[in-house]
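Notes for the one structure printed next.
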Amino acid sequence: MSKEITSREADYSQWYNDLILKAGLADYSDVRGCMVIKPYGFALWENMRDQLDKRFKETGHQNAYFPLFIPKSFLSKEAAHVEGFAKECAVVTHYRLMNDPNGKGIIVDPEAKLEEELIVRPTSETIIWNTYKTWVQSYRDLPLLINQWANVVRWEMRTRLFLRTTEFLWQEGHTAHATAQEAIDETIQMLNVYAEFAEEWMAMPVIKGIKSINERFAGAEDTYCIEALMQDGKALQAGTSHFLGQNFAKAFDVKFSDKENKLDYVWATSWGVSTRLIGALVMAHSDDDGLILPPKLAPIQVVIVPIYKGADQKAAIDEKVKTLMENLKALNISVKYDDDDSRRPGWKFAEYEMKGVPVRVAIGTRDLENNVVEVARRDNKTKETISIDGLATSIQVLLHDIQENIYNRAKTYRDENIRKADTWDEFMKLLDEKGGFISAHWDGTAETEDKIKELSKATIRCILLDNPKEEGACILTGKPSSERVLFARAY
RNA sequence: CGGGGCGUAGCGUAGCCCGGUUAUCGCGCCACAUUUGGGAUGUGGAGGUCGCAAGUUCGAAUCUUGCCGCCCCGACCA
């Protein structure tokens with residue numbers, strides 16, 4: 001990769017980190033690769049979580065909670081699974097500390113060694129399937145539709161705020177079914193739940209597809225995913241849904257009797273999204289002035305900034321604002337009245353722009369006289385003066401507009417950045433100069449995929465669901481191909 | 001784990017190459033006043049193990065060695 005691209009990437013990373021810190025979403029922590037999610041960032045996550053949770057329940061799932069620690073032996077029961085996660089596991093070996101007999105401070109008590117080490121879960125398939133064994137005997141126990149909200153730990157070499165932290169928050173759904181078809185249907189259903197959430201709530205267009213064998217989840221038969229495009233031209237996997245076949249059922253001996261009293265292994269799925277979605281949100285919509293949050297998820301949808309001189313004017317504004325806030329709340333709009341006297345209006349304007357608050361209302365004495373307010377929208381930074389009568393309703397409409405506008409903007413950008421390449425030179429040129437998704441032919445082998453990755457740093461993001469068939473030649477080997485796949489450099 | 005950069009007040013930094021008064025500047029913080037329609041101004045004030053340790057030296061933020069930590073790029077990955 002050229003020097004220019006490297007430095008562009010570094011600049012973008014700095015911009016991204018800066019934005020997260022300045023917007024108050026998160027902080028670096030003193031623990032390697034971990035971060036502190038600050039109240040504002042967590043409020044955003046809670047909004048995402050609530051909406052997803054609602055959809056999970058609407059599709060018949062229940063929440064449960066499984067242990068953080070996984071006995072080492074569990075992890076090794078599914079061969080591909082342990083292969084995929086072994087290199088990034090945090091391991092608990094001892095259970096007690098003691099005062100250092102040779103000095104100050106404390107040390108691990110060597111006497112307190114665990115007989116079997118415990119793994120801090122990198123994902124919960126193994127401990128969950130070990131439990132499912134005891135829950136499933138008959139087809140009457142199926143389907144088993146469970147989700148858990150949890151934290152997991154993956155000891156990655158390199159971390160990035162929200163996109164890849166050592167510990168992260170997520171949800172993981174784990175379901176068991178009587179038939180392969182039912183499990184596949186579930187896998188696709190949850191993929192659709194994710195895609196709808198990304199598009200309708202995050203205002204982030206995604207591509208639904210299926211992973212190549214190389215990119216498949218460790219232990220899955222098929223991995224489905226949603227892929228989004230970030231503003232720097234790199235792709236981001238925003239969610240995955242796996243059809244696990246009978247792999248885990250076999251590894252953990254989970255069998256059931258069907259109606260004919262025949263014994264069979266159950267069919268499984270797992271699916272998850274994480275706090276990475278916050279990183280996706282940042283990189284999908286923000287500009288140089290700060291975050292741009294979709295109104296449907298913004299912790300604060302409307303901020304009201306008073307402009308006044310003296311207590312009398314303030315009191316008159318307070319009075320108007322009180323009614324306005326009641327009206328907004330009646331419409332389920334979250335509103336903050338920032339009457340902090342130690343900050344001036346201009347400071348607040350900049351601050352809430354940084355935080356990505358979709359709508360700002362400024363109200364001053366001048367406005368009161370005319371029965372108007374100044375309404376500014378974050379997405380395109382336009383301002384207009386509108387009547388205070390029916391204001392709450394106007395704002396409701398405006399929030400709707402903003403949600404739609406940022407989705408359309410992101411979609412236009414995304415669509416403009418899906419290009420076809422038919423030769424290797426064209427492929428490389430597009431990657432280096434434009435980025436984005438590149439639709440190209442590939443001979444279908446893992447070796448070629450690896451080679452392309454090695455040469456270009458681009459990976460196959462996915463093969464579209466309902467991908468049209470088209471005869472062509474692999475961009476690298478020239479061997480025949482029956483369909484195009486989507487490549488991109490990715491996070 | 002390889003390559004690059006960095007570590008000085010809450011944050012961002014100057015000074016380091018070429019050792020020498022009381023460690024620079026900006027933001028932020030505290031007090032008061034004037035201000036308030038796009039990150040206010042003035043005056044006064046508080047705040048420092050110069051990442052840690054050892055060494056060289058009359059003298060170390062500055063030189064040497066070792067260690068620790070962070071960021072970026074790569075490999076790995078959601």
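For the structure tokens, the naming scheme is as follows: chains receive sequential letters (A, B, ...) according to their order of presentation, residues are indexed from 1 within each chain, and ligands are indexed from 1 in presentation order.
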Could you give me, as a compact mmCIF listing (two decimals) with C-alpha atoms, in the first residue's frame, the residues within 10 Å of A:Pro143, counting only C-alpha atoms (C1' of nucleotides) and dropping anything in the same chain fewer than 3 positions from it?
```txt
# COMPACT_ATOMS: atom_id res chain seq x y z
CA GLY A 60 -40.46 -14.98 19.67
CA HIS A 61 -37.19 -14.85 21.56
CA VAL A 136 -33.78 -30.57 25.01
CA TYR A 139 -39.35 -32.00 19.53
CA ARG A 140 -41.77 -30.45 22.01
CA ILE A 146 -32.83 -17.54 23.48
CA THR A 175 -31.44 -21.03 18.90
CA ALA A 176 -32.12 -24.73 18.49
CA HIS A 177 -34.49 -26.21 15.93
CA ALA A 178 -35.92 -29.53 14.83
CA THR A 179 -35.12 -29.11 11.15
CA GLU A 182 -36.33 -24.02 10.27
CA ALA A 183 -32.85 -23.08 11.45
CA VAL A 266 -30.87 -30.44 16.73
CA TRP A 267 -30.12 -27.66 14.25
CA ALA A 268 -28.66 -24.42 15.49
```
Show me, as a PDB file with N, CA and C atoms (P, O5', C5', C4', C3', O3' and C1' of nucleotides), in the first residue's frame, the residues of chain B whose atoms get within 7 Å of chain A, using only C-alpha atoms (C1' of nucleotides) for the distance check.
```
ATOM      1  P     U B  36     -24.570  41.422  25.904  1.00  0.00           P
ATOM      2  O5'   U B  36     -24.639  39.863  25.561  1.00  0.00           O
ATOM      3  C5'   U B  36     -23.621  39.269  24.746  1.00  0.00           C
ATOM      4  C4'   U B  36     -23.763  37.768  24.802  1.00  0.00           C
ATOM      5  C3'   U B  36     -25.101  37.258  24.261  1.00  0.00           C
ATOM      6  O3'   U B  36     -24.910  36.037  23.567  1.00  0.00           O
ATOM      7  C1'   U B  36     -24.798  36.530  26.482  1.00  0.00           C
ATOM      8  P     G B  38     -24.196  34.897  17.094  1.00  0.00           P
ATOM      9  O5'   G B  38     -23.973  33.547  17.927  1.00  0.00           O
ATOM     10  C5'   G B  38     -22.950  33.490  18.916  1.00  0.00           C
ATOM     11  C4'   G B  38     -21.852  32.559  18.455  1.00  0.00           C
ATOM     12  C3'   G B  38     -21.029  33.074  17.266  1.00  0.00           C
ATOM     13  O3'   G B  38     -19.703  32.552  17.359  1.00  0.00           O
ATOM     14  C1'   G B  38     -22.066  31.054  16.678  1.00  0.00           C
ATOM     15  P     G B  39     -18.748  33.168  18.552  1.00  0.00           P
ATOM     16  O5'   G B  39     -18.960  32.075  19.667  1.00  0.00           O
ATOM     17  C5'   G B  39     -18.539  30.754  19.427  1.00  0.00           C
ATOM     18  C4'   G B  39     -18.336  30.088  20.755  1.00  0.00           C
ATOM     19  C3'   G B  39     -17.077  30.542  21.501  1.00  0.00           C
ATOM     20  O3'   G B  39     -17.394  30.458  22.872  1.00  0.00           O
ATOM     21  C1'   G B  39     -16.994  28.215  21.131  1.00  0.00           C
ATOM     22  P     C B  72      -4.985   4.448  17.176  1.00  0.00           P
ATOM     23  O5'   C B  72      -3.946   4.683  15.996  1.00  0.00           O
ATOM     24  C5'   C B  72      -4.019   5.835  15.169  1.00  0.00           C
ATOM     25  C4'   C B  72      -2.873   5.843  14.193  1.00  0.00           C
ATOM     26  C3'   C B  72      -2.736   4.599  13.329  1.00  0.00           C
ATOM     27  O3'   C B  72      -3.610   4.618  12.224  1.00  0.00           O
ATOM     28  C1'   C B  72      -0.631   5.159  14.200  1.00  0.00           C
ATOM     29  P     C B  73      -4.178   3.249  11.664  1.00  0.00           P
ATOM     30  O5'   C B  73      -2.891   2.634  10.948  1.00  0.00           O
ATOM     31  C5'   C B  73      -2.357   3.211   9.763  1.00  0.00           C
ATOM     32  C4'   C B  73      -1.149   2.454   9.309  1.00  0.00           C
ATOM     33  C3'   C B  73      -1.310   0.943   9.195  1.00  0.00           C
ATOM     34  O3'   C B  73      -1.998   0.545   8.029  1.00  0.00           O
ATOM     35  C1'   C B  73       0.716   1.413  10.267  1.00  0.00           C
ATOM     36  P     C B  76      -3.466 -11.803   8.609  1.00  0.00           P
ATOM     37  O5'   C B  76      -3.923 -11.858  10.129  1.00  0.00           O
ATOM     38  C5'   C B  76      -3.676 -13.016  10.931  1.00  0.00           C
ATOM     39  C4'   C B  76      -4.311 -12.847  12.281  1.00  0.00           C
ATOM     40  C3'   C B  76      -5.824 -12.662  12.278  1.00  0.00           C
ATOM     41  O3'   C B  76      -6.518 -13.901  12.180  1.00  0.00           O
ATOM     42  C1'   C B  76      -4.859 -11.012  13.639  1.00  0.00           C
ATOM     43  P     C B  77      -7.954 -13.918  11.449  1.00  0.00           P
ATOM     44  O5'   C B  77      -8.829 -12.918  12.324  1.00  0.00           O
ATOM     45  C5'   C B  77      -9.891 -13.412  13.140  1.00  0.00           C
ATOM     46  C4'   C B  77     -10.391 -12.325  14.036  1.00  0.00           C
ATOM     47  C3'   C B  77     -11.701 -11.666  13.604  1.00  0.00           C
ATOM     48  O3'   C B  77     -12.815 -12.406  14.059  1.00  0.00           O
ATOM     49  C1'   C B  77     -10.127  -9.981  14.132  1.00  0.00           C
TER      50        C B  77
END
```
(request) Using atom CA of A:Tyr40 and atom CA of A:Leu25 as the two end points, give the distance in Å to one decimal. (result) 5.4 Å
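For the atom pair formed by atom C1' of B:A33 and atom CA of A:Tyr337, the distance is 27.6 Å, given to one decimal.
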Polymer residues at most 9 Å from A:Arg360, only C-alpha atoms (C1' of nucleotides), same-chain spacing of 2 or more positions, as a PDB file with N, CA and C atoms, in the first residue's frame:
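Done, and the output landed in around-v2.pdb:
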```
ATOM      1  N   GLN A 301     -32.933  14.367  21.407  1.00  0.00           N
ATOM      2  CA  GLN A 301     -33.404  14.644  20.044  1.00  0.00           C
ATOM      3  C   GLN A 301     -33.462  16.147  19.787  1.00  0.00           C
ATOM      4  N   VAL A 302     -33.805  16.868  20.841  1.00  0.00           N
ATOM      5  CA  VAL A 302     -33.943  18.316  20.702  1.00  0.00           C
ATOM      6  C   VAL A 302     -33.257  18.992  21.878  1.00  0.00           C
ATOM      7  N   VAL A 303     -32.442  19.986  21.590  1.00  0.00           N
ATOM      8  CA  VAL A 303     -31.878  20.770  22.679  1.00  0.00           C
ATOM      9  C   VAL A 303     -32.394  22.196  22.540  1.00  0.00           C
ATOM     10  N   ILE A 304     -32.772  22.759  23.666  1.00  0.00           N
ATOM     11  CA  ILE A 304     -33.279  24.132  23.659  1.00  0.00           C
ATOM     12  C   ILE A 304     -32.264  25.029  24.350  1.00  0.00           C
ATOM     13  N   VAL A 305     -31.854  26.069  23.645  1.00  0.00           N
ATOM     14  CA  VAL A 305     -30.860  26.994  24.183  1.00  0.00           C
ATOM     15  C   VAL A 305     -31.506  28.372  24.366  1.00  0.00           C
ATOM     16  N   PHE A 349     -24.054  25.889  21.105  1.00  0.00           N
ATOM     17  CA  PHE A 349     -24.333  25.508  19.710  1.00  0.00           C
ATOM     18  C   PHE A 349     -23.280  24.517  19.232  1.00  0.00           C
ATOM     19  N   TYR A 352     -23.416  20.988  21.120  1.00  0.00           N
ATOM     20  CA  TYR A 352     -24.466  20.034  20.744  1.00  0.00           C
ATOM     21  C   TYR A 352     -24.314  19.571  19.302  1.00  0.00           C
ATOM     22  N   GLU A 353     -23.665  20.382  18.505  1.00  0.00           N
ATOM     23  CA  GLU A 353     -23.329  19.907  17.164  1.00  0.00           C
ATOM     24  C   GLU A 353     -22.313  18.778  17.266  1.00  0.00           C
ATOM     25  N   VAL A 357     -26.724  16.188  18.264  1.00  0.00           N
ATOM     26  CA  VAL A 357     -28.150  16.378  18.568  1.00  0.00           C
ATOM     27  C   VAL A 357     -28.871  16.862  17.298  1.00  0.00           C
ATOM     28  N   PRO A 358     -29.900  16.141  16.852  1.00  0.00           N
ATOM     29  CA  PRO A 358     -30.498  16.428  15.537  1.00  0.00           C
ATOM     30  C   PRO A 358     -31.098  17.823  15.398  1.00  0.00           C
ATOM     31  N   ALA A 362     -33.254  27.621  19.420  1.00  0.00           N
ATOM     32  CA  ALA A 362     -32.741  28.775  20.158  1.00  0.00           C
ATOM     33  C   ALA A 362     -33.908  29.735  20.373  1.00  0.00           C
ATOM     34  N   GLU A 374     -35.803  30.006  16.693  1.00  0.00           N
ATOM     35  CA  GLU A 374     -34.908  29.607  15.613  1.00  0.00           C
ATOM     36  C   GLU A 374     -34.658  28.099  15.740  1.00  0.00           C
ATOM     37  N   VAL A 375     -34.942  27.392  14.671  1.00  0.00           N
ATOM     38  CA  VAL A 375     -34.757  25.945  14.679  1.00  0.00           C
ATOM     39  C   VAL A 375     -33.623  25.583  13.721  1.00  0.00           C
ATOM     40  N   ALA A 376     -32.618  24.887  14.256  1.00  0.00           N
ATOM     41  CA  ALA A 376     -31.475  24.511  13.423  1.00  0.00           C
ATOM     42  C   ALA A 376     -31.404  22.996  13.339  1.00  0.00           C
ATOM     43  N   ARG A 377     -31.169  22.478  12.149  1.00  0.00           N
ATOM     44  CA  ARG A 377     -31.034  21.034  12.015  1.00  0.00           C
ATOM     45  C   ARG A 377     -29.566  20.664  11.838  1.00  0.00           C
ATOM     46  N   ARG A 378     -29.170  19.582  12.497  1.00  0.00           N
ATOM     47  CA  ARG A 378     -27.773  19.174  12.514  1.00  0.00           C
ATOM     48  C   ARG A 378     -27.322  18.573  11.189  1.00  0.00           C
TER      49      ARG A 378
END
```
(message) For B:G74, find every residue with an atom within 12 Å (counting only C-alpha atoms (C1' of nucleotides)), except residues of its own chain fewer than 4 positions away, and show them as a ChimeraX atom specification.
(response) /A:1,6,157-158,454,457 /B:1-4
Can I get the selection written as an mmCIF file, in the first residue's frame, with C-alpha atoms (C1' of nucleotides)?
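Result written to part-v6.cif:
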```cif
data_model
loop_
_atom_site.group_PDB
_atom_site.id
_atom_site.type_symbol
_atom_site.label_atom_id
_atom_site.label_comp_id
_atom_site.auth_asym_id
_atom_site.auth_seq_id
_atom_site.Cartn_x
_atom_site.Cartn_y
_atom_site.Cartn_z
ATOM 1 C CA MET A 1 0.000 0.000 0.000
ATOM 2 C CA THR A 6 -1.393 4.865 4.885
ATOM 3 C CA MET A 157 -3.594 -7.660 18.868
ATOM 4 C CA ARG A 158 -4.841 -4.262 17.937
ATOM 5 C CA GLU A 454 -2.454 -10.643 0.311
ATOM 6 C CA LYS A 457 -5.708 -5.998 1.406
ATOM 7 C "C1'" C B 1 4.799 -9.465 17.743
ATOM 8 C "C1'" G B 2 7.483 -6.182 13.620
ATOM 9 C "C1'" G B 3 7.865 -0.763 11.766
ATOM 10 C "C1'" G B 4 6.963 4.503 12.981
#
```
(message) Quick one: residues within 12 Å of stretch 9-24 of chain B, only C-alpha atoms (C1' of nucleotides), excluding same-chain residues fewer than 2 positions away - as a ChimeraX atom specification?
(response) /A:21-22 /B:26-29,46-48,50,56-63
Could the residues in this selection be saved with C-alpha atoms (C1' of nucleotides) as a PDB file, in the first residue's frame?
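As written to disk, result_11.pdb reads:
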```
ATOM      1  CA  LEU A  21     -13.612  11.605  22.722  1.00  0.00           C
ATOM      2  CA  LYS A  22     -14.915  15.103  22.018  1.00  0.00           C
TER       3      LYS A  22
ATOM      4  C1'   G B  26      -2.922  28.081  24.905  1.00  0.00           C
ATOM      5  C1'   C B  27      -7.465  25.855  26.664  1.00  0.00           C
ATOM      6  C1'   G B  28      -9.786  24.443  31.040  1.00  0.00           C
ATOM      7  C1'   C B  29     -10.336  25.431  36.597  1.00  0.00           C
ATOM      8  C1'   A B  46      -4.584  27.932  42.112  1.00  0.00           C
ATOM      9  C1'   G B  47      -2.486  23.822  39.808  1.00  0.00           C
ATOM     10  C1'   G B  48       4.031  20.225  38.012  1.00  0.00           C
ATOM     11  C1'   C B  50       9.022  16.841  33.245  1.00  0.00           C
ATOM     12  C1'   U B  56      27.154  10.233  33.747  1.00  0.00           C
ATOM     13  C1'   U B  57      27.854  15.290  35.868  1.00  0.00           C
ATOM     14  C1'   C B  58      29.317  20.500  40.391  1.00  0.00           C
ATOM     15  C1'   G B  59      24.407  20.561  38.008  1.00  0.00           C
ATOM     16  C1'   A B  60      19.631  16.451  34.059  1.00  0.00           C
ATOM     17  C1'   A B  61      13.025  17.776  31.295  1.00  0.00           C
ATOM     18  C1'   U B  62      17.632  17.927  28.210  1.00  0.00           C
ATOM     19  C1'   C B  63      22.967  13.023  27.644  1.00  0.00           C
TER      20        C B  63
END
```
Secondary structure check, strand (DSSP E or B) residues of stretch 243-398 of chain A, as a PDB file with C-alpha atoms, in the first residue's frame:
```
ATOM      1  CA  PHE A 243     -26.478 -21.225  10.454  1.00  0.00           C
ATOM      2  CA  LEU A 244     -24.551 -23.657  12.624  1.00  0.00           C
ATOM      3  CA  GLY A 245     -25.957 -26.867  11.188  1.00  0.00           C
ATOM      4  CA  LYS A 255     -30.370 -34.882  20.570  1.00  0.00           C
ATOM      5  CA  PHE A 256     -34.132 -34.889  20.465  1.00  0.00           C
ATOM      6  CA  SER A 257     -36.868 -37.385  19.652  1.00  0.00           C
ATOM      7  CA  LEU A 263     -33.453 -39.561  17.522  1.00  0.00           C
ATOM      8  CA  ASP A 264     -31.642 -36.714  15.780  1.00  0.00           C
ATOM      9  CA  TYR A 265     -29.278 -33.876  16.563  1.00  0.00           C
ATOM     10  CA  TRP A 267     -30.124 -27.659  14.249  1.00  0.00           C
ATOM     11  CA  ALA A 268     -28.662 -24.418  15.491  1.00  0.00           C
ATOM     12  CA  THR A 269     -28.234 -20.733  14.777  1.00  0.00           C
ATOM     13  CA  SER A 270     -26.432 -17.913  16.468  1.00  0.00           C
ATOM     14  CA  TRP A 271     -26.507 -14.215  15.683  1.00  0.00           C
ATOM     15  CA  GLY A 272     -25.095 -11.064  17.164  1.00  0.00           C
ATOM     16  CA  VAL A 273     -24.481  -7.373  16.993  1.00  0.00           C
ATOM     17  CA  SER A 274     -22.252  -5.367  19.263  1.00  0.00           C
ATOM     18  CA  ASP A 287     -18.839  15.454   9.576  1.00  0.00           C
ATOM     19  CA  GLY A 290     -19.003  16.330  15.008  1.00  0.00           C
ATOM     20  CA  VAL A 302     -33.943  18.316  20.702  1.00  0.00           C
ATOM     21  CA  VAL A 303     -31.878  20.770  22.679  1.00  0.00           C
ATOM     22  CA  ILE A 304     -33.279  24.132  23.659  1.00  0.00           C
ATOM     23  CA  VAL A 305     -30.860  26.994  24.183  1.00  0.00           C
ATOM     24  CA  PRO A 306     -32.141  30.177  25.835  1.00  0.00           C
ATOM     25  CA  ILE A 307     -30.682  33.541  24.932  1.00  0.00           C
ATOM     26  CA  VAL A 335     -35.632  17.173  24.915  1.00  0.00           C
ATOM     27  CA  LYS A 336     -32.993  18.936  26.952  1.00  0.00           C
ATOM     28  CA  TYR A 337     -33.284  22.523  28.096  1.00  0.00           C
ATOM     29  CA  VAL A 359     -32.462  19.590  16.308  1.00  0.00           C
ATOM     30  CA  ARG A 360     -31.545  22.724  18.183  1.00  0.00           C
ATOM     31  CA  VAL A 361     -34.054  25.341  19.219  1.00  0.00           C
ATOM     32  CA  ALA A 362     -32.741  28.775  20.158  1.00  0.00           C
ATOM     33  CA  ILE A 363     -35.167  31.056  21.915  1.00  0.00           C
ATOM     34  CA  GLY A 364     -34.452  34.645  22.907  1.00  0.00           C
ATOM     35  CA  VAL A 372     -41.106  32.519  16.990  1.00  0.00           C
ATOM     36  CA  VAL A 373     -37.985  30.445  17.620  1.00  0.00           C
ATOM     37  CA  GLU A 374     -34.908  29.607  15.613  1.00  0.00           C
ATOM     38  CA  VAL A 375     -34.757  25.945  14.679  1.00  0.00           C
ATOM     39  CA  ALA A 376     -31.475  24.511  13.423  1.00  0.00           C
ATOM     40  CA  ARG A 377     -31.034  21.034  12.015  1.00  0.00           C
ATOM     41  CA  LYS A 383     -31.591  27.262  10.292  1.00  0.00           C
ATOM     42  CA  GLU A 384     -35.070  28.673  10.024  1.00  0.00           C
ATOM     43  CA  THR A 385     -37.295  30.852  12.109  1.00  0.00           C
ATOM     44  CA  ILE A 386     -40.634  29.259  12.780  1.00  0.00           C
ATOM     45  CA  SER A 387     -43.749  30.019  14.750  1.00  0.00           C
TER      46      SER A 387
END
```
(request) Check the smallest atom-to-atom distance from each of A:Glu186, A:Asp425, A:Asp232, A:Glu215 to A:Phe56 using only C-alpha atoms, then report the winner. (result)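 Closest to A:Phe56 of all the choices is A:Glu186.
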(request) Using DSSP on the backbone coordinates, identify the residues of stretch 18-117 of chain A assigned to helix (DSSP H, G or I); present them as a PyMOL selection string. (result) chain A and resi 18-23+39-58+72-75+79-88
With N, CA and C atoms kept, could you save the residues just selected as a tab-separated table (two decimals), in the first residue's frame?
```tsv
chain	number	residue	atom	x	y	z
A	18	ASP	N	-10.77	11.23	17.82
A	18	ASP	CA	-11.01	12.58	18.32
A	18	ASP	C	-12.49	12.86	18.50
A	19	LEU	N	-13.23	12.47	17.49
A	19	LEU	CA	-14.67	12.70	17.49
A	19	LEU	C	-15.34	11.98	18.65
A	20	ILE	N	-14.97	10.75	18.86
A	20	ILE	CA	-15.57	9.96	19.93
A	20	ILE	C	-15.25	10.56	21.29
A	21	LEU	N	-14.00	11.01	21.44
A	21	LEU	CA	-13.61	11.60	22.72
A	21	LEU	C	-14.32	12.94	22.93
A	22	LYS	N	-14.33	13.77	21.89
A	22	LYS	CA	-14.91	15.10	22.02
A	22	LYS	C	-16.43	15.07	22.16
A	23	ALA	N	-17.06	14.12	21.49
A	23	ALA	CA	-18.52	14.03	21.58
A	23	ALA	C	-18.95	13.42	22.91
A	39	PRO	N	-21.59	8.15	29.80
A	39	PRO	CA	-23.07	8.16	29.85
A	39	PRO	C	-23.73	8.48	28.50
A	40	TYR	N	-23.17	9.42	27.77
A	40	TYR	CA	-23.80	9.77	26.50
A	40	TYR	C	-23.73	8.62	25.49
A	41	GLY	N	-22.57	7.98	25.45
A	41	GLY	CA	-22.40	6.83	24.57
A	41	GLY	C	-23.27	5.67	25.01
A	42	PHE	N	-23.37	5.51	26.31
A	42	PHE	CA	-24.16	4.39	26.81
A	42	PHE	C	-25.65	4.62	26.58
A	43	ALA	N	-26.07	5.86	26.69
A	43	ALA	CA	-27.48	6.18	26.41
A	43	ALA	C	-27.82	5.83	24.96
A	44	LEU	N	-26.88	6.08	24.09
A	44	LEU	CA	-27.06	5.73	22.68
A	44	LEU	C	-27.18	4.21	22.52
A	45	TRP	N	-26.28	3.51	23.20
A	45	TRP	CA	-26.32	2.06	23.16
A	45	TRP	C	-27.65	1.52	23.73
A	46	GLU	N	-28.10	2.13	24.81
A	46	GLU	CA	-29.36	1.69	25.41
A	46	GLU	C	-30.53	1.85	24.43
A	47	ASN	N	-30.51	2.94	23.70
A	47	ASN	CA	-31.58	3.13	22.71
A	47	ASN	C	-31.52	2.07	21.62
A	48	MET	N	-30.32	1.74	21.20
A	48	MET	CA	-30.16	0.70	20.18
A	48	MET	C	-30.61	-0.64	20.75
A	49	ARG	N	-30.15	-0.88	21.95
A	49	ARG	CA	-30.45	-2.14	22.62
A	49	ARG	C	-31.96	-2.33	22.80
A	50	ASP	N	-32.62	-1.27	23.25
A	50	ASP	CA	-34.05	-1.37	23.51
A	50	ASP	C	-34.82	-1.74	22.24
A	51	GLN	N	-34.44	-1.10	21.16
A	51	GLN	CA	-35.14	-1.35	19.91
A	51	GLN	C	-34.87	-2.77	19.40
A	52	LEU	N	-33.63	-3.20	19.46
A	52	LEU	CA	-33.30	-4.55	19.04
A	52	LEU	C	-34.01	-5.57	19.92
A	53	ASP	N	-33.98	-5.33	21.22
A	53	ASP	CA	-34.59	-6.26	22.16
A	53	ASP	C	-36.08	-6.42	21.87
A	54	LYS	N	-36.70	-5.32	21.55
A	54	LYS	CA	-38.13	-5.33	21.22
A	54	LYS	C	-38.37	-6.23	20.00
A	55	ARG	N	-37.52	-6.08	19.01
A	55	ARG	CA	-37.67	-6.89	17.79
A	55	ARG	C	-37.41	-8.38	18.07
A	56	PHE	N	-36.44	-8.64	18.94
A	56	PHE	CA	-36.16	-10.05	19.28
A	56	PHE	C	-37.39	-10.67	19.93
A	57	LYS	N	-38.01	-9.90	20.82
A	57	LYS	CA	-39.18	-10.44	21.52
A	57	LYS	C	-40.35	-10.61	20.56
A	58	GLU	N	-40.48	-9.65	19.66
A	58	GLU	CA	-41.56	-9.76	18.66
A	58	GLU	C	-41.38	-10.98	17.78
A	72	LYS	N	-12.26	-24.67	30.17
A	72	LYS	CA	-11.42	-24.82	28.99
A	72	LYS	C	-11.85	-26.00	28.12
A	73	SER	N	-12.26	-27.07	28.77
A	73	SER	CA	-12.61	-28.29	28.01
A	73	SER	C	-13.82	-28.06	27.10
A	74	PHE	N	-14.72	-27.17	27.49
A	74	PHE	CA	-15.90	-26.91	26.65
A	74	PHE	C	-15.48	-26.35	25.30
A	75	LEU	N	-14.53	-25.44	25.36
A	75	LEU	CA	-14.17	-24.69	24.17
A	75	LEU	C	-13.58	-25.59	23.10
A	79	ALA	N	-14.20	-28.49	16.92
A	79	ALA	CA	-12.83	-28.31	16.44
A	79	ALA	C	-12.62	-26.96	15.75
A	80	ALA	N	-13.49	-26.62	14.81
A	80	ALA	CA	-13.31	-25.37	14.06
A	80	ALA	C	-13.46	-24.17	14.98
A	81	HIS	N	-14.36	-24.30	15.95
A	81	HIS	CA	-14.64	-23.21	16.87
A	81	HIS	C	-13.41	-22.86	17.70
A	82	VAL	N	-12.81	-23.86	18.31
A	82	VAL	CA	-11.64	-23.60	19.15
A	82	VAL	C	-10.48	-23.08	18.30
A	83	GLU	N	-10.37	-23.62	17.10
A	83	GLU	CA	-9.35	-23.16	16.16
A	83	GLU	C	-9.49	-21.66	15.91
A	84	GLY	N	-10.74	-21.21	15.77
A	84	GLY	CA	-11.00	-19.80	15.47
A	84	GLY	C	-10.76	-18.87	16.63
A	85	PHE	N	-10.96	-19.35	17.85
A	85	PHE	CA	-10.90	-18.44	18.99
A	85	PHE	C	-9.71	-18.64	19.91
A	86	ALA	N	-9.01	-19.74	19.77
A	86	ALA	CA	-7.93	-20.08	20.71
A	86	ALA	C	-6.91	-18.96	20.88
A	87	LYS	N	-6.61	-18.26	19.79
A	87	LYS	CA	-5.53	-17.28	19.84
A	87	LYS	C	-5.90	-15.97	20.50
A	88	GLU	N	-7.14	-15.81	20.91
A	88	GLU	CA	-7.53	-14.52	21.46
A	88	GLU	C	-8.34	-14.65	22.75
```
(message) Report, in Å to a single decimal, how far apart atom CA of A:Asp27 and atom CA of A:Ile406 are.
(response) 26.5 Å
